[in-house]
Amino acid sequence: MRFHFSLNGISFNSPLLVASGTFGFGDEVTDLIDINQLGGLVTKSITLHPREGNPPPRIAETPAGMLNSIGLANPGVDSFIGEILPRLKALKTPVFVNIAGSTLQEYVEVLDKLENTGAAVAGYEINISCPNVKQGGMAFGIDPHTTERLTGSLRKQTDKCLIMKLSPNVTHIEEIAAAAEAGGADALSAINTVVGMSIDVENRTPRLHTVTGGLSGAAIKPIALAQVYKISQAVGIPLIGLGGISNHKDVIEFILAGADLVQIGTINFKQPAAAVRIRGELEVWCERNNIANLHDLKGEMITP
Amino acid sequence: MYQEDCRVTAVRQRSDTLWEVCLYSPAISAAGRPGHFVNLLPAADWGPAMRRPMSIAAVSGDIFRILFKVVGSGTAKMHTWEPGQLVDCIGPLGNTWTGYERHFPILVGGGVGLAPVWFLDQVLTTTQIQHFFIAGARTSGEHFLKHEPHRGIWLTTDDGSVGLSGNVLKGLEAAIVKIQGERRTPKIFCCGPPAMNRAVGKFALKAGIPCDISIETIMACGTGICQGCAIELRQAVPELPPYRQHYALACKDGPIFKAEVLF
């Protein structure tokens, strides 16, 4: 692949990571894709205690996308360390553990537990943007001061790559991005899902139990691109773009808008091997356009 | 689990509402067991975010069959399929019917829910395990099986136009009477619309008959990744991970659950 980029000593040979919550813990679809061809794997969100998640219905299909309100269902950090992490360590692809919490202390405790295992993971992605649980970290992601404080607290606990995942459900995402940078984040990922809803008019009921949920898929790509562009103008740290990517042109758009890497999410549900397919498409595109390193296109959008 | 572009070998209308499609896939056909489903793309360039889960209704050689009824955009697209076209399928997925060797199986299917129990019916017939089969519909035009109580097949219709008049419980009652004196104790294997599943589940619980029910729900990945297809359980299932004992996943922990954990 004509792609080279390093972040905190981690060398990426594909710009395509799989987004949190869209690839489980990497063992569900190993029959269908070689995980080691991914640019990186971001795990489902892990919390201090196990979480059973939200009542059904948790998902709904919408034009060019889907709504979800899973509610951070996960086995908790102790089970993760005991049962899942040993398997992830065997992967060649960089693994990032996504962490969610409802208090600053919870985030720090989860990160500490993972650090104490001597975890051979590449780093952490911090979910400060889950829209679907009452205390799912969103409180940290909508205020620059709390974002900076949380980032700073986590920064003190680890030398590993620390990525803060930002919410689009704010007025000025670039302020949150700058706060995460000031707090010591190594990189940012944007965007998490966009708050949305859908109603079954025959029953007059919401299609999600929680009424509102997070919109993902192609429908949010223009929103994500604009947010990534804004963030790239405001910070100097690397940026991972995501939101509705389903083909190589989408990836190139994000890179032109200022992303260093990208994540693919909702497309994984439909096409578990999408990361490999898109990687192949990028290879062909780079060759045809004489691009030696796709990363060279970062921020190279020609503005009028 | 396999992902294959399966060639459509035949498309057939089986009743006023049910369509049957034969798909060529050596891998999925060889691994498919009654209860399994596939998650498919209605078109190669399918725009919506989700695949469509379809129970395997039969397997013969390298070909498996599915049954569908046109209800939404996905099945409307499937209705345009013609022999020769390729369909991207992931499967076989989910758990399978079990315990039919130890019991006298009573199969109950309704609507498109007929698919996984019909598959079980064929396997039991091939392996010469005597069983009863009850299929319910609103009216005769929705049935494609024959009402043959002497062979252990009861059809029911809401309007009485064929078979027993009423819902599948009428057939279940007839089957239970006929089973008296059998050495094997009965077990019910059921799949149908939510109201039917609930009625059969409650009937089984009251009668003290073990009953496994295959449920249908909205689903995205089909493999346990998205955790979107949660089903609320009334009782914890010890075999499941602790965090999924209240909300289990239809795709991975199911789609077949015991009646007592559902109702």
# chains A, B, ... in the order shown; residues from 1 in each chain; ligands from 1

$ select_by_dssp --residues "range 146-188 of chain A" --states "strand (DSSP E or B)" --output "number ranges by chain"
A: 161-165, 187-188

$ residues_around --residues "range 65-75 of chain A" --least-positions-apart "3" --cutoff "6 Å" --atoms "only C-alpha atoms" --output "JSON, numbers by chain"
{"A": [50, 51, 52, 53, 54, 58, 59, 60, 61, 62, 79, 132, 133, 213, 214, 215, 216, 217, 218, 219], "B": [49, 243]}

$ residues_around --residues "Thr9 in chain B" --least-positions-apart "3" --cutoff "12 Å" --atoms "only C-alpha atoms" --output "PyMOL selection string"
chain B and resi 6+12+20-25+62-66+81-87

$ write_last_selection --atoms "N, CA and C atoms" --output "compact mmCIF listing (two decimals), in the first residue's frame"
# COMPACT_ATOMS: atom_id res chain seq x y z
N CYS B 6 -23.68 -15.97 -4.11
CA CYS B 6 -24.45 -17.17 -4.43
C CYS B 6 -25.31 -16.92 -5.66
N ARG B 12 -39.41 -19.14 -7.28
CA ARG B 12 -40.72 -19.78 -7.39
C ARG B 12 -41.69 -19.11 -6.43
N GLU B 20 -40.00 -18.40 -2.93
CA GLU B 20 -38.86 -19.27 -2.60
C GLU B 20 -37.75 -19.01 -3.59
N VAL B 21 -36.52 -18.88 -3.08
CA VAL B 21 -35.37 -18.68 -3.95
C VAL B 21 -34.34 -19.75 -3.64
N CYS B 22 -33.81 -20.37 -4.69
CA CYS B 22 -32.74 -21.35 -4.55
C CYS B 22 -31.41 -20.66 -4.84
N LEU B 23 -30.44 -20.84 -3.95
CA LEU B 23 -29.15 -20.18 -4.07
C LEU B 23 -28.03 -21.22 -4.07
N TYR B 24 -27.12 -21.07 -5.02
CA TYR B 24 -26.01 -22.02 -5.12
C TYR B 24 -24.85 -21.57 -4.24
N SER B 25 -24.54 -22.36 -3.23
CA SER B 25 -23.40 -22.09 -2.38
C SER B 25 -22.94 -23.38 -1.72
N ASP B 62 -25.59 -28.65 -3.15
CA ASP B 62 -24.88 -27.37 -3.04
C ASP B 62 -25.84 -26.18 -3.01
N ILE B 63 -27.13 -26.46 -2.94
CA ILE B 63 -28.12 -25.38 -3.02
C ILE B 63 -28.90 -25.25 -1.72
N PHE B 64 -29.02 -24.02 -1.25
CA PHE B 64 -29.92 -23.80 -0.11
C PHE B 64 -31.05 -22.90 -0.57
N ARG B 65 -32.16 -22.98 0.18
CA ARG B 65 -33.33 -22.21 -0.20
C ARG B 65 -33.72 -21.25 0.91
N ILE B 66 -34.32 -20.14 0.53
CA ILE B 66 -34.90 -19.22 1.50
C ILE B 66 -36.35 -18.94 1.08
N TRP B 81 -35.36 -10.53 -8.17
CA TRP B 81 -34.29 -11.48 -8.50
C TRP B 81 -34.70 -12.44 -9.61
N GLU B 82 -33.71 -12.77 -10.43
CA GLU B 82 -33.95 -13.74 -11.50
C GLU B 82 -32.83 -14.76 -11.50
N PRO B 83 -33.11 -15.95 -12.01
CA PRO B 83 -32.06 -16.97 -12.07
C PRO B 83 -30.81 -16.44 -12.77
N GLY B 84 -29.66 -16.80 -12.22
CA GLY B 84 -28.39 -16.36 -12.81
C GLY B 84 -27.74 -15.24 -12.03
N GLN B 85 -28.55 -14.46 -11.32
CA GLN B 85 -27.93 -13.33 -10.64
C GLN B 85 -27.23 -13.76 -9.36
N LEU B 86 -26.24 -12.96 -8.96
CA LEU B 86 -25.44 -13.30 -7.79
C LEU B 86 -25.94 -12.53 -6.57
N VAL B 87 -26.01 -13.24 -5.45
CA VAL B 87 -26.46 -12.63 -4.20
C VAL B 87 -25.37 -12.83 -3.15

$ interface_residues --of "chain B" --to "chain A" --cutoff "10 Å" --atoms "only C-alpha atoms" --output "count of residues only"
41

$ atom_distance --atom1 "CA of Ser165 in chain B" --atom2 "CA of Cys190 in chain B"
19.2 Å

$ residues_around --residues "Asp143 in chain A" --least-positions-apart "6" --cutoff "10 Å" --atoms "only C-alpha atoms" --output "ChimeraX atom specification"
/A:170,172-173,175-176,179

$ write_last_selection --atoms "N, CA and C atoms" --output "short mmCIF file (atom, residue, chain, number, x, y, z; two decimals), in the first residue's frame"
data_model
loop_
_atom_site.label_atom_id
_atom_site.label_comp_id
_atom_site.auth_asym_id
_atom_site.auth_seq_id
_atom_site.Cartn_x
_atom_site.Cartn_y
_atom_site.Cartn_z
N VAL A 170 -21.91 19.47 19.16
CA VAL A 170 -21.46 20.66 19.90
C VAL A 170 -21.49 21.85 18.95
N HIS A 172 -19.03 24.32 18.72
CA HIS A 172 -17.71 24.57 18.14
C HIS A 172 -16.78 23.41 18.44
N ILE A 173 -16.73 22.44 17.55
CA ILE A 173 -15.91 21.24 17.78
C ILE A 173 -14.43 21.60 17.88
N GLU A 175 -13.08 23.99 19.39
CA GLU A 175 -12.71 24.39 20.76
C GLU A 175 -12.45 23.16 21.62
N ILE A 176 -13.25 22.13 21.42
CA ILE A 176 -13.06 20.88 22.16
C ILE A 176 -11.75 20.23 21.70
N ALA A 179 -8.86 21.94 23.22
CA ALA A 179 -8.77 21.60 24.64
C ALA A 179 -8.11 20.24 24.82
#

$ select_by_dssp --residues "range 116-189 of chain A" --states "alpha helix (DSSP H)" --output "PyMOL selection string"
chain A and resi 116+138-141+144-157+173-183

$ write_last_selection --atoms "N, CA and C atoms" --output "compact mmCIF listing (two decimals), in the first residue's frame"
# COMPACT_ATOMS: atom_id res chain seq x y z
N ASN A 116 -1.65 -1.48 33.89
CA ASN A 116 -1.02 -2.41 34.84
C ASN A 116 -0.86 -3.81 34.28
N MET A 138 -20.42 11.93 27.34
CA MET A 138 -20.75 13.07 26.49
C MET A 138 -20.55 14.38 27.25
N ALA A 139 -20.80 14.33 28.58
CA ALA A 139 -20.62 15.54 29.40
C ALA A 139 -19.18 16.06 29.28
N PHE A 140 -18.23 15.10 29.08
CA PHE A 140 -16.83 15.51 28.95
C PHE A 140 -16.55 16.09 27.57
N GLY A 141 -17.35 15.66 26.61
CA GLY A 141 -17.06 16.01 25.23
C GLY A 141 -17.74 17.27 24.74
N PRO A 144 -15.08 22.36 26.83
CA PRO A 144 -13.62 22.37 26.65
C PRO A 144 -12.84 22.16 27.95
N HIS A 145 -13.34 22.72 29.05
CA HIS A 145 -12.60 22.61 30.31
C HIS A 145 -12.54 21.17 30.81
N THR A 146 -13.70 20.50 30.77
CA THR A 146 -13.70 19.10 31.24
C THR A 146 -12.93 18.21 30.27
N THR A 147 -12.97 18.52 28.99
CA THR A 147 -12.19 17.75 28.01
C THR A 147 -10.70 17.87 28.35
N GLU A 148 -10.26 19.08 28.61
CA GLU A 148 -8.84 19.30 28.90
C GLU A 148 -8.43 18.60 30.20
N ARG A 149 -9.33 18.69 31.19
CA ARG A 149 -9.02 18.09 32.49
C ARG A 149 -8.93 16.57 32.37
N LEU A 150 -9.89 15.98 31.68
CA LEU A 150 -9.89 14.52 31.51
C LEU A 150 -8.67 14.08 30.71
N THR A 151 -8.39 14.79 29.62
CA THR A 151 -7.23 14.44 28.79
C THR A 151 -5.95 14.52 29.61
N GLY A 152 -5.85 15.59 30.40
CA GLY A 152 -4.65 15.77 31.23
C GLY A 152 -4.49 14.65 32.24
N SER A 153 -5.61 14.24 32.85
CA SER A 153 -5.56 13.18 33.86
C SER A 153 -5.11 11.87 33.25
N LEU A 154 -5.60 11.58 32.06
CA LEU A 154 -5.24 10.32 31.41
C LEU A 154 -3.79 10.38 30.90
N ARG A 155 -3.42 11.56 30.43
CA ARG A 155 -2.05 11.74 29.91
C ARG A 155 -1.00 11.38 30.96
N LYS A 156 -1.31 11.76 32.23
CA LYS A 156 -0.37 11.47 33.32
C LYS A 156 -0.19 9.98 33.55
N GLN A 157 -1.19 9.18 33.13
CA GLN A 157 -1.18 7.75 33.45
C GLN A 157 -0.57 6.88 32.36
N ILE A 173 -16.73 22.44 17.55
CA ILE A 173 -15.91 21.24 17.78
C ILE A 173 -14.43 21.60 17.88
N GLU A 174 -14.04 22.68 17.18
CA GLU A 174 -12.61 23.03 17.19
C GLU A 174 -12.15 23.48 18.58
N GLU A 175 -13.08 23.99 19.39
CA GLU A 175 -12.71 24.39 20.76
C GLU A 175 -12.45 23.16 21.62
N ILE A 176 -13.25 22.13 21.42
CA ILE A 176 -13.06 20.88 22.16
C ILE A 176 -11.75 20.23 21.70
N ALA A 177 -11.51 20.29 20.39
CA ALA A 177 -10.28 19.72 19.83
C ALA A 177 -9.05 20.41 20.42
N ALA A 178 -9.10 21.72 20.48
CA ALA A 178 -7.96 22.49 21.02
C ALA A 178 -7.76 22.16 22.50
N ALA A 179 -8.86 21.94 23.22
CA ALA A 179 -8.77 21.60 24.64
C ALA A 179 -8.11 20.24 24.82
N ALA A 180 -8.47 19.29 23.97
CA ALA A 180 -7.86 17.95 24.06
C ALA A 180 -6.37 18.04 23.74
N GLU A 181 -6.04 18.86 22.77
CA GLU A 181 -4.62 19.05 22.43
C GLU A 181 -3.87 19.66 23.61
N ALA A 182 -4.48 20.67 24.22
CA ALA A 182 -3.85 21.32 25.38
C ALA A 182 -3.69 20.35 26.54
N GLY A 183 -4.62 19.40 26.65
CA GLY A 183 -4.55 18.41 27.72
C GLY A 183 -3.50 17.34 27.49

$ atom_distance --atom1 "CA of Ile35 in chain A" --atom2 "CA of Thr93 in chain A"
7.1 Å

$ atom_distance --atom1 "CA of Glu300 in chain A" --atom2 "CA of Ile220 in chain A"
22.1 Å

$ closest_residue --among "A:Glu106, A:Asp34, A:Glu83, A:Asp186" --to "Ile10 in chain A" --atoms "only C-alpha atoms"
A:Asp186

$ residues_around --residues "Val261 in chain B" --least-positions-apart "6" --cutoff "9 Å" --atoms "only C-alpha atoms" --output "PyMOL selection string"
chain B and resi 232-237

$ write_last_selection --atoms "N, CA and C atoms" --output "short mmCIF file (atom, residue, chain, number, x, y, z; two decimals), in the first residue's frame"
data_model
loop_
_atom_site.label_atom_id
_atom_site.label_comp_id
_atom_site.auth_asym_id
_atom_site.auth_seq_id
_atom_site.Cartn_x
_atom_site.Cartn_y
_atom_site.Cartn_z
N GLU B 232 -34.85 -8.90 25.03
CA GLU B 232 -34.93 -8.89 26.48
C GLU B 232 -35.30 -10.28 26.99
N LEU B 233 -34.50 -10.80 27.89
CA LEU B 233 -34.76 -12.13 28.45
C LEU B 233 -35.39 -12.00 29.84
N ARG B 234 -36.34 -12.92 30.13
CA ARG B 234 -37.00 -12.93 31.44
C ARG B 234 -36.16 -13.63 32.49
N GLN B 235 -35.33 -14.55 31.99
CA GLN B 235 -34.47 -15.31 32.90
C GLN B 235 -33.06 -15.30 32.33
N ALA B 236 -32.09 -15.35 33.24
CA ALA B 236 -30.71 -15.38 32.79
C ALA B 236 -30.41 -16.73 32.13
N VAL B 237 -29.62 -16.71 31.10
CA VAL B 237 -29.15 -17.93 30.45
C VAL B 237 -27.68 -18.10 30.85
#

$ residues_around --residues "Arg2 in chain A" --least-positions-apart "5" --cutoff "10 Å" --atoms "only C-alpha atoms" --output "ChimeraX atom specification"
/A:13-15,279,282-287,290-295

$ write_last_selection --atoms "N, CA and C atoms" --output "compact mmCIF listing (two decimals), in the first residue's frame"
# COMPACT_ATOMS: atom_id res chain seq x y z
N ASN A 13 0.57 1.09 7.84
CA ASN A 13 0.75 0.86 6.41
C ASN A 13 -0.57 0.86 5.64
N SER A 14 -1.64 1.15 6.36
CA SER A 14 -2.94 1.39 5.71
C SER A 14 -3.59 2.51 6.50
N PRO A 15 -4.27 3.44 5.80
CA PRO A 15 -4.92 4.53 6.53
C PRO A 15 -6.23 4.11 7.18
N ARG A 279 -8.83 -0.56 0.76
CA ARG A 279 -7.37 -0.50 0.67
C ARG A 279 -6.90 -0.81 -0.75
N LEU A 282 -7.70 2.08 -3.01
CA LEU A 282 -6.76 3.19 -2.80
C LEU A 282 -5.44 2.93 -3.53
N GLU A 283 -5.00 1.68 -3.45
CA GLU A 283 -3.76 1.28 -4.10
C GLU A 283 -3.83 1.61 -5.60
N VAL A 284 -4.94 1.20 -6.21
CA VAL A 284 -5.14 1.43 -7.65
C VAL A 284 -5.19 2.93 -7.92
N TRP A 285 -5.89 3.66 -7.11
CA TRP A 285 -6.05 5.11 -7.32
C TRP A 285 -4.70 5.82 -7.21
N CYS A 286 -3.91 5.42 -6.20
CA CYS A 286 -2.60 6.07 -6.00
C CYS A 286 -1.69 5.79 -7.21
N GLU A 287 -1.74 4.56 -7.68
CA GLU A 287 -0.90 4.19 -8.80
C GLU A 287 -1.29 5.00 -10.04
N ASN A 290 -0.21 8.55 -9.66
CA ASN A 290 1.20 8.77 -9.34
C ASN A 290 1.43 9.34 -7.94
N ILE A 291 0.70 8.83 -6.98
CA ILE A 291 0.86 9.28 -5.60
C ILE A 291 1.75 8.26 -4.88
N ALA A 292 2.92 8.69 -4.44
CA ALA A 292 3.85 7.77 -3.79
C ALA A 292 3.40 7.45 -2.38
N ASN A 293 2.89 8.45 -1.69
CA ASN A 293 2.40 8.25 -0.33
C ASN A 293 1.09 9.03 -0.17
N LEU A 294 0.03 8.30 0.00
CA LEU A 294 -1.29 8.91 0.10
C LEU A 294 -1.33 10.01 1.17
N HIS A 295 -0.53 9.79 2.22
CA HIS A 295 -0.54 10.76 3.32
C HIS A 295 -0.08 12.14 2.87
